[in-house]
Every structure is written in C-alpha cells, then in structure tokens.
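Working notes, beginning with the structure itself.
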Amino acid sequence: MAIESGLVGVVEVVVQPADTADALGNKGVHVLATPRLVALLELAAIRAVEAHLPPGSGTVGTRIDVRHLAATPVGMRATIRATLREVDGRRLVFDIEGHDETERIVEGSHERFQIDQARFLARIAAKSRAA
C-alpha cells in the first residue's frame, strides 16, 4: 500500500473533564485544552497513514501550525480530520480541520516524517545512555 495524498484520518471525542484547560492547569477554564486538541490532531494524522505504512515503520511529528478558533465545552463532541496534502519522500504534510457540534474549532497544518521504528528507538536509547 502506497502513501499518497488524499488519505484521511478522523478522530471523534466527547470532551471530558480530563481534556480541559482546567485539568492542565488553567483553573476554571472547562473547555477543550489546546494541548489536548494538538494531541487529537496528531492522532488523526497517524490514523490517516498507519494502514499504509510498511511493517516496522511509523511516523513522528515534526511541525504543527494550528489556530484554535473556538472553545468546546465538556460534554460536547469534537471531530478532527487530517487530510494528507503532500508526500515528499518520507515527509508527510497534512491539512487539519476540526468542528464541534456548532462550529469550526481548529484549522492548520501538520508535518510528520516516516521512520524505521527500530532505528529510531535505538537512537533514542543511545541518547538516553549518553545523558
């Protein structure tokens, strides 16, 4: 299976208290936190390509550029979509968008690189030993 532009990954979540800005230290702000939203964007991109990767391969995020446009309260569903726009060797670029039940909440782009997982993990282990 080849990785080609047009692949789409989708993540749906109902916002829980653990997903909120309040839970991440911004006390009293009970809406989907931007760091949690970024994690969902990455997951959508991973889902777009995971079935098309060769065995032993994975992807890692290297760049994200998003605008968090609107707040999503606890209990509301958010749907995040990553569409693979560009494939340049191992570099993958995704268009990101998301909506809650009433409006667009996020837009932007995300870059990932395809990796050989064993080689990547070996480099990380060597780096840990050197520290």
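We name chains A, B, ... following the order of the structure tokens; residues begin at 1 in each chain, and ligands are numbered from 1 as shown.
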
Please run DSSP on the backbone and report, as a PyMOL selection string, all residues within segment 3-127 of chain A that come out as helix (DSSP H, G or I).
chain A and resi 17-19+34-52+117-127

Rounded to one decimal in Å, what is the spacing between atom CA of Val74 of chain A and atom CA of Ala48 of chain A?
26.3 Å

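Among the candidates A:Ala78, A:Glu50, A:Ala71, A:Ala45, the one nearest to Glu111 of chain A when counting only C-alpha atoms is A:Ala45.
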
Shell around segment 97-107 of chain A at 8 Å using only C-alpha atoms, local window under 2 positions removed, as number ranges by chain
A: 66-72, 76-82, 95, 109

Could you tell me which of A:Val87, A:Ile64, A:Leu92, A:Ala131 comes closest to Val38 of chain A if we count only C-alpha atoms?
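Using only C-alpha atoms, Val38 of chain A sits closest to A:Ile64.
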
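Across the structure, atom CA of Val14 of chain A and atom CA of Ile96 of chain A are spaced 18.5 Å apart.
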
Could you find all residues in chain A that DSSP calls strand (DSSP E or B) from the backbone, and write them as a ChimeraX atom specification?
/A:8-14,20,31-32,57-68,73,77-88,91-100,104-116

Residue contacts of Thr20 of chain A (7 Å, only C-alpha atoms) excluding same-chain residues fewer than 6 positions away, as an mmCIF file with N, CA, C and O atoms, in the first residue's frame:
```cif
data_model
loop_
_atom_site.group_PDB
_atom_site.id
_atom_site.type_symbol
_atom_site.label_atom_id
_atom_site.label_comp_id
_atom_site.auth_asym_id
_atom_site.auth_seq_id
_atom_site.Cartn_x
_atom_site.Cartn_y
_atom_site.Cartn_z
ATOM 1 N N HIS A 30 -13.130 25.335 31.706
ATOM 2 C CA HIS A 30 -13.617 23.973 31.466
ATOM 3 C C HIS A 30 -14.004 23.770 30.003
ATOM 4 O O HIS A 30 -15.155 23.481 29.673
ATOM 5 N N VAL A 31 -13.010 23.935 29.134
ATOM 6 C CA VAL A 31 -13.178 23.721 27.695
ATOM 7 C C VAL A 31 -12.001 22.891 27.191
ATOM 8 O O VAL A 31 -10.956 22.792 27.852
ATOM 9 N N LEU A 32 -12.155 22.305 26.001
ATOM 10 C CA LEU A 32 -11.098 21.508 25.397
ATOM 11 C C LEU A 32 -9.803 22.316 25.345
ATOM 12 O O LEU A 32 -9.745 23.402 24.772
ATOM 13 N N ALA A 33 -8.769 21.785 25.970
ATOM 14 C CA ALA A 33 -7.472 22.464 26.051
ATOM 15 C C ALA A 33 -6.733 22.367 24.726
ATOM 16 O O ALA A 33 -6.792 21.344 24.039
#
```

Of the listed residues A:Lys127, A:His110, A:Lys27, A:Arg85, that which approaches Leu43 of chain A most closely, counting only C-alpha atoms:
A:His110

Name the residues in contact with Ser57 of chain A at a cut-off of 8 Å, using only C-alpha atoms, excluding same-chain residues fewer than 3 positions from it; report them as a PyMOL selection string.
chain A and resi 53-54+114-117

Interatomic distance (Å, one decimal) between atom CA of Glu12 of chain A and atom CA of Arg36 of chain A
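That distance, rounded to one decimal, is 12.7 Å.
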